[in-house]
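**Student:** See structure-v9.pdb below, with PDB, C-alpha atoms, pLDDT in the B column.
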MODEL        1
ATOM      1  CA  MET A   1    -259.118  89.933-107.901  1.00 89.00           C
ATOM      2  CA  PRO A   2    -259.396  91.090-104.265  1.00 95.00           C
ATOM      3  CA  LEU A   3    -262.780  91.552-102.681  1.00 98.00           C
ATOM      4  CA  ARG A   4    -264.122  95.103-102.640  1.00 98.00           C
ATOM      5  CA  ILE A   5    -266.062  96.138 -99.541  1.00 98.00           C
ATOM      6  CA  ALA A   6    -267.869  99.476 -99.233  1.00 98.00           C
ATOM      7  CA  VAL A   7    -268.084 101.133 -95.835  1.00 98.00           C
ATOM      8  CA  ILE A   8    -271.364 103.045 -96.264  1.00 98.00           C
ATOM      9  CA  LEU A   9    -271.998 106.022 -94.001  1.00 98.00           C
ATOM     10  CA  GLY A  10    -275.781 106.006 -93.720  1.00 96.00           C
ATOM     11  CA  SER A  11    -276.443 109.520 -92.418  1.00 96.00           C
ATOM     12  CA  THR A  12    -276.326 112.836 -94.256  1.00 96.00           C
ATOM     13  CA  ARG A  13    -277.314 115.027 -91.300  1.00 94.00           C
ATOM     14  CA  PRO A  14    -275.141 118.131 -90.746  1.00 93.00           C
ATOM     15  CA  GLY A  15    -273.106 117.746 -87.567  1.00 90.00           C
ATOM     16  CA  ARG A  16    -273.427 113.960 -87.659  1.00 93.00           C
ATOM     17  CA  ARG A  17    -271.184 111.874 -85.460  1.00 94.00           C
ATOM     18  CA  GLY A  18    -270.910 109.266 -88.162  1.00 95.00           C
ATOM     19  CA  GLU A  19    -268.010 110.975 -89.908  1.00 96.00           C
ATOM     20  CA  GLN A  20    -265.691 110.288 -86.964  1.00 97.00           C
ATOM     21  CA  ILE A  21    -266.966 106.727 -86.656  1.00 97.00           C
ATOM     22  CA  ALA A  22    -266.552 106.184 -90.412  1.00 97.00           C
ATOM     23  CA  ALA A  23    -262.942 107.402 -90.364  1.00 97.00           C
ATOM     24  CA  TRP A  24    -262.182 105.040 -87.476  1.00 97.00           C
ATOM     25  CA  ALA A  25    -264.062 102.104 -89.063  1.00 98.00           C
ATOM     26  CA  LEU A  26    -262.301 102.530 -92.407  1.00 98.00           C
ATOM     27  CA  GLU A  27    -258.913 102.571 -90.692  1.00 98.00           C
ATOM     28  CA  ALA A  28    -259.844  99.497 -88.621  1.00 97.00           C
ATOM     29  CA  ALA A  29    -261.028  97.664 -91.752  1.00 98.00           C
ATOM     30  CA  ARG A  30    -257.854  98.448 -93.661  1.00 98.00           C
ATOM     31  CA  ALA A  31    -255.782  97.254 -90.687  1.00 98.00           C
ATOM     32  CA  HIS A  32    -257.859  94.059 -90.623  1.00 98.00           C
ATOM     33  CA  GLY A  33    -257.195  93.422 -94.330  1.00 98.00           C
ATOM     34  CA  GLY A  34    -258.704  90.644 -96.406  1.00 98.00           C
ATOM     35  CA  ALA A  35    -260.297  93.052 -98.892  1.00 98.00           C
ATOM     36  CA  ASP A  36    -260.027  96.491-100.443  1.00 98.00           C
ATOM     37  CA  TYR A  37    -262.188  98.930 -98.470  1.00 98.00           C
ATOM     38  CA  GLU A  38    -263.694 102.183 -99.705  1.00 98.00           C
ATOM     39  CA  LEU A  39    -265.774 104.757 -97.854  1.00 98.00           C
ATOM     40  CA  VAL A  40    -269.097 105.585 -99.509  1.00 98.00           C
ATOM     41  CA  ASP A  41    -270.560 108.656 -97.825  1.00 98.00           C
ATOM     42  CA  LEU A  42    -274.179 109.212 -98.850  1.00 98.00           C
ATOM     43  CA  ALA A  43    -273.647 112.953 -98.429  1.00 97.00           C
ATOM     44  CA  ASP A  44    -271.243 112.854-101.392  1.00 97.00           C
ATOM     45  CA  HIS A  45    -273.895 111.502-103.774  1.00 95.00           C
ATOM     46  CA  ASP A  46    -276.595 113.850-105.011  1.00 88.00           C
ATOM     47  CA  LEU A  47    -279.416 111.331-105.077  1.00 94.00           C
ATOM     48  CA  GLY A  48    -282.235 113.519-103.785  1.00 91.00           C
ATOM     49  CA  ASN A  49    -285.586 111.846-103.219  1.00 95.00           C
ATOM     50  CA  LEU A  50    -286.181 108.784-105.367  1.00 95.00           C
ATOM     51  CA  ASP A  51    -287.079 110.145-108.807  1.00 96.00           C
ATOM     52  CA  GLU A  52    -286.893 107.102-111.066  1.00 95.00           C
ATOM     53  CA  PRO A  53    -290.268 106.301-112.643  1.00 95.00           C
ATOM     54  CA  GLY A  54    -289.545 102.646-113.356  1.00 94.00           C
ATOM     55  CA  ASN A  55    -289.080  99.531-111.279  1.00 96.00           C
ATOM     56  CA  PRO A  56    -285.373  99.328-110.333  1.00 96.00           C
ATOM     57  CA  ASN A  57    -285.456  95.564-110.926  1.00 94.00           C
ATOM     58  CA  PHE A  58    -285.404  96.303-114.686  1.00 95.00           C
ATOM     59  CA  GLN A  59    -282.450  98.743-114.453  1.00 95.00           C
ATOM     60  CA  GLN A  60    -283.995 101.120-116.989  1.00 95.00           C
ATOM     61  CA  TYR A  61    -282.687 104.218-115.248  1.00 97.00           C
ATOM     62  CA  GLN A  62    -283.647 107.644-116.553  1.00 96.00           C
ATOM     63  CA  HIS A  63    -281.135 109.740-114.631  1.00 96.00           C
ATOM     64  CA  ASP A  64    -277.342 109.992-114.642  1.00 96.00           C
ATOM     65  CA  HIS A  65    -277.186 110.089-110.845  1.00 96.00           C
ATOM     66  CA  THR A  66    -278.992 106.746-110.687  1.00 97.00           C
ATOM     67  CA  ARG A  67    -276.722 105.158-113.283  1.00 97.00           C
ATOM     68  CA  ALA A  68    -273.648 106.417-111.397  1.00 97.00           C
ATOM     69  CA  TRP A  69    -275.015 105.166-108.064  1.00 98.00           C
ATOM     70  CA  GLY A  70    -275.896 101.796-109.573  1.00 98.00           C
ATOM     71  CA  ALA A  71    -272.431 101.387-111.083  1.00 98.00           C
ATOM     72  CA  LEU A  72    -270.800 102.238-107.753  1.00 98.00           C
ATOM     73  CA  ILE A  73    -272.952  99.829-105.742  1.00 98.00           C
ATOM     74  CA  ASP A  74    -272.500  97.091-108.350  1.00 98.00           C
ATOM     75  CA  SER A  75    -268.694  97.406-108.126  1.00 98.00           C
ATOM     76  CA  PHE A  76    -268.585  96.029-104.568  1.00 98.00           C
ATOM     77  CA  ASP A  77    -268.659  92.453-103.322  1.00 98.00           C
ATOM     78  CA  GLY A  78    -269.963  93.391 -99.887  1.00 98.00           C
ATOM     79  CA  TYR A  79    -270.816  96.227 -97.546  1.00 98.00           C
ATOM     80  CA  VAL A  80    -270.422  97.483 -94.021  1.00 98.00           C
ATOM     81  CA  PHE A  81    -273.254  99.839 -93.115  1.00 98.00           C
ATOM     82  CA  LEU A  82    -272.635 102.507 -90.460  1.00 98.00           C
ATOM     83  CA  VAL A  83    -276.134 103.261 -89.290  1.00 98.00           C
ATOM     84  CA  PRO A  84    -277.363 105.665 -86.614  1.00 97.00           C
ATOM     85  CA  GLU A  85    -280.698 105.232 -84.910  1.00 96.00           C
ATOM     86  CA  TYR A  86    -283.271 107.949 -85.568  1.00 95.00           C
ATOM     87  CA  ASN A  87    -286.674 107.426 -83.915  1.00 95.00           C
ATOM     88  CA  HIS A  88    -286.236 103.654 -83.503  1.00 95.00           C
ATOM     89  CA  SER A  89    -285.084 103.156 -87.107  1.00 97.00           C
ATOM     90  CA  TYR A  90    -282.416 104.161 -89.595  1.00 97.00           C
ATOM     91  CA  PRO A  91    -282.216 107.438 -91.543  1.00 97.00           C
ATOM     92  CA  GLY A  92    -284.452 108.131 -94.512  1.00 97.00           C
ATOM     93  CA  ALA A  93    -281.417 109.041 -96.630  1.00 97.00           C
ATOM     94  CA  LEU A  94    -280.172 105.471 -96.335  1.00 98.00           C
ATOM     95  CA  LYS A  95    -283.586 103.991 -97.198  1.00 98.00           C
ATOM     96  CA  ASN A  96    -283.730 106.282-100.217  1.00 98.00           C
ATOM     97  CA  ALA A  97    -280.249 105.195-101.358  1.00 98.00           C
ATOM     98  CA  LEU A  98    -281.182 101.540-100.956  1.00 98.00           C
ATOM     99  CA  ASP A  99    -284.394 101.984-102.963  1.00 98.00           C
ATOM    100  CA  TYR A 100    -282.735 103.623-105.973  1.00 98.00           C
ATOM    101  CA  VAL A 101    -281.328 100.355-107.319  1.00 98.00           C
ATOM    102  CA  TYR A 102    -282.110  96.679-106.837  1.00 98.00           C
ATOM    103  CA  ARG A 103    -280.089  94.140-108.815  1.00 96.00           C
ATOM    104  CA  GLU A 104    -276.861  95.922-107.944  1.00 98.00           C
ATOM    105  CA  TRP A 105    -277.344  94.907-104.288  1.00 98.00           C
ATOM    106  CA  ASN A 106    -278.290  91.275-104.985  1.00 98.00           C
ATOM    107  CA  ASP A 107    -276.261  88.302-103.747  1.00 98.00           C
ATOM    108  CA  LYS A 108    -273.822  90.262-101.641  1.00 98.00           C
ATOM    109  CA  ALA A 109    -272.958  90.232 -97.942  1.00 98.00           C
ATOM    110  CA  ALA A 110    -273.212  93.010 -95.395  1.00 98.00           C
ATOM    111  CA  GLY A 111    -272.238  93.781 -91.853  1.00 98.00           C
ATOM    112  CA  ILE A 112    -273.813  96.515 -89.757  1.00 98.00           C
ATOM    113  CA  ILE A 113    -272.185  98.807 -87.228  1.00 98.00           C
ATOM    114  CA  SER A 114    -274.936 100.691 -85.427  1.00 98.00           C
ATOM    115  CA  TYR A 115    -274.615 103.699 -83.183  1.00 97.00           C
ATOM    116  CA  GLY A 116    -276.904 105.781 -81.049  1.00 95.00           C
ATOM    117  CA  GLY A 117    -278.040 106.492 -77.498  1.00 92.00           C
ATOM    118  CA  TRP A 118    -278.445 103.940 -74.760  1.00 83.00           C
ATOM    119  CA  VAL A 119    -279.384 101.048 -77.043  1.00 93.00           C
ATOM    120  CA  ALA A 120    -276.478 101.875 -79.394  1.00 96.00           C
ATOM    121  CA  GLY A 121    -278.580 101.876 -82.545  1.00 95.00           C
ATOM    122  CA  ALA A 122    -279.644  98.236 -82.237  1.00 96.00           C
ATOM    123  CA  ARG A 123    -283.224  98.971 -83.358  1.00 97.00           C
ATOM    124  CA  ALA A 124    -281.945 100.751 -86.482  1.00 98.00           C
ATOM    125  CA  ALA A 125    -279.808  97.741 -87.345  1.00 98.00           C
ATOM    126  CA  GLU A 126    -282.744  95.360 -86.973  1.00 97.00           C
ATOM    127  CA  ALA A 127    -284.953  97.538 -89.176  1.00 98.00           C
ATOM    128  CA  LEU A 128    -282.183  97.706 -91.776  1.00 98.00           C
ATOM    129  CA  ARG A 129    -281.837  93.912 -91.819  1.00 98.00           C
ATOM    130  CA  LEU A 130    -285.449  93.569 -93.038  1.00 98.00           C
ATOM    131  CA  VAL A 131    -284.851  95.813 -96.041  1.00 98.00           C
ATOM    132  CA  LEU A 132    -281.480  94.239 -96.874  1.00 98.00           C
ATOM    133  CA  ALA A 133    -283.124  90.801 -96.913  1.00 98.00           C
ATOM    134  CA  GLU A 134    -285.589  92.026 -99.553  1.00 98.00           C
ATOM    135  CA  LEU A 135    -282.634  93.357-101.580  1.00 98.00           C
ATOM    136  CA  GLN A 136    -281.105  89.853-101.399  1.00 98.00           C
ATOM    137  CA  VAL A 137    -278.227  91.057 -99.231  1.00 98.00           C
ATOM    138  CA  ALA A 138    -277.096  88.480 -96.678  1.00 98.00           C
ATOM    139  CA  THR A 139    -276.388  90.170 -93.354  1.00 98.00           C
ATOM    140  CA  VAL A 140    -273.866  88.575 -91.026  1.00 98.00           C
ATOM    141  CA  ARG A 141    -274.577  87.798 -87.390  1.00 97.00           C
ATOM    142  CA  ALA A 142    -271.728  89.756 -85.765  1.00 97.00           C
ATOM    143  CA  GLN A 143    -273.003  93.280 -85.131  1.00 97.00           C
ATOM    144  CA  PRO A 144    -270.804  95.852 -83.393  1.00 98.00           C
ATOM    145  CA  THR A 145    -272.772  98.551 -81.576  1.00 97.00           C
ATOM    146  CA  ILE A 146    -271.590 101.941 -80.381  1.00 97.00           C
ATOM    147  CA  SER A 147    -273.242 103.843 -77.553  1.00 95.00           C
ATOM    148  CA  THR A 148    -272.598 107.476 -78.354  1.00 95.00           C
ATOM    149  CA  HIS A 149    -272.861 108.608 -74.719  1.00 91.00           C
ATOM    150  CA  PRO A 150    -269.562 107.127 -73.507  1.00 91.00           C
ATOM    151  CA  SER A 151    -267.901 107.098 -76.940  1.00 94.00           C
ATOM    152  CA  PHE A 152    -268.276 110.865 -77.425  1.00 94.00           C
ATOM    153  CA  ARG A 153    -267.895 111.914 -73.800  1.00 92.00           C
ATOM    154  CA  THR A 154    -265.083 114.335 -74.768  1.00 92.00           C
ATOM    155  CA  GLY A 155    -266.722 115.372 -78.048  1.00 92.00           C
ATOM    156  CA  THR A 156    -264.314 113.214 -80.046  1.00 93.00           C
ATOM    157  CA  PHE A 157    -264.978 109.574 -80.862  1.00 95.00           C
ATOM    158  CA  VAL A 158    -263.131 107.197 -78.550  1.00 92.00           C
ATOM    159  CA  PRO A 159    -263.829 103.495 -79.255  1.00 91.00           C
ATOM    160  CA  GLN A 160    -264.903 101.634 -76.153  1.00 94.00           C
ATOM    161  CA  GLU A 161    -263.135  98.489 -74.994  1.00 94.00           C
ATOM    162  CA  GLY A 162    -263.912  95.465 -77.148  1.00 95.00           C
ATOM    163  CA  LEU A 163    -265.083  97.398 -80.222  1.00 96.00           C
ATOM    164  CA  ASP A 164    -261.947  96.484 -82.217  1.00 96.00           C
ATOM    165  CA  THR A 165    -262.568  92.793 -81.586  1.00 97.00           C
ATOM    166  CA  ALA A 166    -266.258  93.105 -82.483  1.00 98.00           C
ATOM    167  CA  VAL A 167    -265.408  94.822 -85.777  1.00 98.00           C
ATOM    168  CA  ASP A 168    -262.752  92.207 -86.596  1.00 98.00           C
ATOM    169  CA  ASN A 169    -265.283  89.415 -85.986  1.00 98.00           C
ATOM    170  CA  MET A 170    -267.841  91.118 -88.220  1.00 98.00           C
ATOM    171  CA  LEU A 171    -265.276  91.678 -90.984  1.00 98.00           C
ATOM    172  CA  ASP A 172    -264.220  88.024 -90.867  1.00 98.00           C
ATOM    173  CA  GLN A 173    -267.842  87.073 -91.546  1.00 98.00           C
ATOM    174  CA  VAL A 174    -268.397  89.730 -94.233  1.00 98.00           C
ATOM    175  CA  ILE A 175    -265.235  88.646 -96.069  1.00 98.00           C
ATOM    176  CA  ALA A 176    -266.141  84.944 -95.941  1.00 98.00           C
ATOM    177  CA  TRP A 177    -269.705  85.517 -97.110  1.00 98.00           C
ATOM    178  CA  SER A 178    -268.677  88.045 -99.776  1.00 98.00           C
ATOM    179  CA  ALA A 179    -266.222  85.540-101.237  1.00 97.00           C
ATOM    180  CA  ALA A 180    -268.851  82.791-101.283  1.00 97.00           C
ATOM    181  CA  LEU A 181    -271.504  85.030-102.823  1.00 97.00           C
ATOM    182  CA  ARG A 182    -269.112  86.168-105.547  1.00 95.00           C
ATOM    183  CA  GLY A 183    -269.406  82.604-106.850  1.00 92.00           C
ATOM    184  CA  VAL A 184    -273.198  82.820-106.681  1.00 94.00           C
ATOM    185  CA  ARG A 185    -273.164  86.012-108.768  1.00 93.00           C
ATOM    186  CA  GLN A 186    -270.791  84.505-111.314  1.00 90.00           C
ATOM    187  CA  ALA A 187    -272.979  81.409-111.661  1.00 90.00           C
ATOM    188  CA  ARG A 188    -276.050  83.620-112.129  1.00 83.00           C
ATOM    189  CA  THR A 189    -274.467  85.589-114.968  1.00 80.00           C
ATOM    190  CA  GLN A 190    -273.059  82.616-116.859  1.00 79.00           C
ATOM    191  CA  THR A 191    -275.218  81.506-119.728  1.00 60.00           C
ATOM    192  CA  PRO A 192    -275.754  77.772-120.170  1.00 61.00           C
ATOM    193  CA  THR A 193    -273.866  76.198-123.040  1.00 55.00           C
ATOM    194  CA  ALA A 194    -275.659  74.246-125.733  1.00 52.00           C
ATOM    195  CA  ALA A 195    -275.387  70.440-125.441  1.00 51.00           C
TER     196      ALA A 195
ENDMDL
END
For this file, produce the structure as structure tokens.
**Tutor:**
Amino acid sequence: MPLRIAVILGSTRPGRRGEQIAAWALEAARAHGGADYELVDLADHDLGNLDEPGNPNFQQYQHDHTRAWGALIDSFDGYVFLVPEYNHSYPGALKNALDYVYREWNDKAAGIISYGGWVAGARAAEALRLVLAELQVATVRAQPTISTHPSFRTGTFVPQEGLDTAVDNMLDQVIAWSAALRGVRQARTQTPTAA
């Protein structure tokens, strides 16, 4: 079965630039190959503020939207997060989406494409790495960054020189790690046989 990689658009803000970046990133990923890629736009999922009373580690979800979100996240082998920088970190909508479930994220790989002003979202990516580590998501080293000033000079996203190569390098790592971690997940779910 081919690997399934979600390209997660981590902003829900009206007028966001992420939609253009997501369309480009999804096309670049599909051209790269090596996995089946699907866009997951947080704006398309009516999660609202975290409203589950229980610990997500136990997966005793009370709401249909949580069960649907958990099933979607669980269906992927890895992720590429498209994350803008808001006030030196990543958007609250993404943190909220991450917090809804726990085990569904475990033992998977992720790459991060950050975007923002002059530092191209690098601080958001670093903040996101801390949370992903707690969710037992292994983030890869290659990290494409997009400075929105030159990339949106005309109002339309134009990838800067070298971005294609950076994304290809990141995807190579995400695919390799996702394949390896699939084995980890399978080993975790297998029950030991009686001797």
**Student:** With region 148-170 of chain A as the partner and 10 Å as the cut-off, tabulate the residues of region 34-125 of chain A that qualify, each row holding the nearest pair of atoms and their distance in Å to one decimal, using all atoms listed in the file, sorted by chain and rising number, as JSON lines.
**Tutor:**
{"residue": "A:Val80", "atom": "CA", "partner": "A:Met170", "partner_atom": "CA", "distance": 9.0}
{"residue": "A:Pro84", "atom": "CA", "partner": "A:Thr148", "partner_atom": "CA", "distance": 9.7}
{"residue": "A:Ala110", "atom": "CA", "partner": "A:Met170", "partner_atom": "CA", "distance": 9.2}
{"residue": "A:Gly111", "atom": "CA", "partner": "A:Met170", "partner_atom": "CA", "distance": 6.3}
{"residue": "A:Ile112", "atom": "CA", "partner": "A:Met170", "partner_atom": "CA", "distance": 8.2}
{"residue": "A:Ile113", "atom": "CA", "partner": "A:Val167", "partner_atom": "CA", "distance": 8.0}
{"residue": "A:Tyr115", "atom": "CA", "partner": "A:Thr148", "partner_atom": "CA", "distance": 6.5}
{"residue": "A:Gly116", "atom": "CA", "partner": "A:Thr148", "partner_atom": "CA", "distance": 5.4}
{"residue": "A:Gly117", "atom": "CA", "partner": "A:Thr148", "partner_atom": "CA", "distance": 5.6}
{"residue": "A:Trp118", "atom": "CA", "partner": "A:His149", "partner_atom": "CA", "distance": 7.3}
{"residue": "A:Val119", "atom": "CA", "partner": "A:Thr148", "partner_atom": "CA", "distance": 9.4}
{"residue": "A:Ala120", "atom": "CA", "partner": "A:Thr148", "partner_atom": "CA", "distance": 6.9}
{"residue": "A:Gly121", "atom": "CA", "partner": "A:Thr148", "partner_atom": "CA", "distance": 9.2}
**Student:** Determine, counting all atoms listed in the file, which protein, DNA and RNA residues have an atom within 8 Å of an atom of Ser11 (chain A); residues of the same chain fewer than 3 positions away are not included. Present the result as a ChimeraX atom specification.
**Tutor:** /A:16,18,42-43,83-84,91,93-94
**Student:** Can you pull out every residue within 12 Å of Val174 (chain A), counting all atoms listed in the file, but drop anything in the same chain fewer than 3 positions away, and send it as an MDAnalysis selection string?
**Tutor:** chainID A and resid 3:7 29 32:35 37 77:81 108:112 137:143 167:171 177:182
**Student:** Report as a list of chain:residue names the full result of the PyMOL selection byres ((chain A and resi 56) around 6) when it is applied to this structure.
**Tutor:**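 Evaluating the PyMOL selection byres ((chain A and resi 56) around 6) on this file yields A:Asn55, A:Asn57, A:Phe58, A:Gln59, A:Val101, A:Tyr102.
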**Student:** Those residues with C-alpha atoms, as a PDB file, keeping the file's coordinate frame please?
**Tutor:**
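The resulting file, part34.pdb, is reproduced below:
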ATOM      1  CA  ASN A  55    -289.080  99.531-111.279  1.00 96.00           C
ATOM      2  CA  ASN A  57    -285.456  95.564-110.926  1.00 94.00           C
ATOM      3  CA  PHE A  58    -285.404  96.303-114.686  1.00 95.00           C
ATOM      4  CA  GLN A  59    -282.450  98.743-114.453  1.00 95.00           C
ATOM      5  CA  VAL A 101    -281.328 100.355-107.319  1.00 98.00           C
ATOM      6  CA  TYR A 102    -282.110  96.679-106.837  1.00 98.00           C
TER       7      TYR A 102
END
**Student:** Enter the distance from CA of Ile73 (chain A) to CA of Gly15 (chain A), in Å, rounded to one decimal.
**Tutor:**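 Here the two named atoms are 25.5 Å from each other.
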**Student:** Rounded to one decimal in Å, what is the spacing between CA of Glu126 (chain A) and CA of Ser89 (chain A)?
**Tutor:**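 Interatomic distance, CA of Glu126 (chain A) to CA of Ser89 (chain A): 8.1 Å.
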**Student:** I need the residue nearest Gln62 (chain A) from this list: A:Asp99, A:Leu50, A:Leu26, A:Met1. Use only C-alpha atoms for the distance.
**Tutor:**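 Smallest separation from Gln62 (chain A) among the options: A:Leu50.
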**Student:** Rank A:Leu135, A:Ile146, A:Leu72, A:Leu82 by their smallest atom-to-atom distance to His45 (chain A), using all atoms listed in the file, and report the top residue only.
**Tutor:** A:Leu72
**Student:** Report as CSV: every residue of region 93-178 of chain A with an atom at most 9 Å from region 63-70 of chain A, its closest pair of atoms, and their distance in Å to one decimal, counting all atoms listed in the file, with rows sorted by chain and ascending residue number.
**Tutor:**
residue,atom,partner,partner_atom,distance
A:Ala97,CA,A:Trp69,CA,8.5
A:Tyr100,CA,A:Thr66,CA,6.8
A:Val101,CA,A:Gly70,CA,6.1
A:Tyr102,CA,A:Gly70,CA,8.5
A:Arg103,CA,A:Gly70,CA,8.8
A:Glu104,CA,A:Gly70,CA,6.2
A:Trp105,CA,A:Gly70,CA,8.8
**Student:** Quick one: pull the distance between CA of Ala125 (chain A) and CA of Arg13 (chain A), Å, one decimal.
**Tutor:**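 It comes out at 17.9 Å.
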**Student:** Taking all atoms listed in the file into account, name the residue in A:Leu39, A:Ala71, A:Gly10, A:Arg129 that is nearest to Tyr86 (chain A).
**Tutor:**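 Ranked by minimum distance to Tyr86 (chain A), first place goes to A:Gly10.
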**Student:** Using only the atoms of region 22-31 of chain A listed in the file, plus 3 Å on each side, state the axis-aligned box centre and edge lengths in Å rounded to one decimal, as JSON.
**Tutor:**
{"center_x": -261.2, "center_y": 102.3, "center_z": -90.6, "size_x": 16.8, "size_y": 16.1, "size_z": 12.2}
**Student:** Pick the closest to Ile175 (chain A) from A:Glu19, A:Asp36, A:Glu27, A:Asp74: which is it, counting all atoms listed in the file?
**Tutor:** A:Asp36
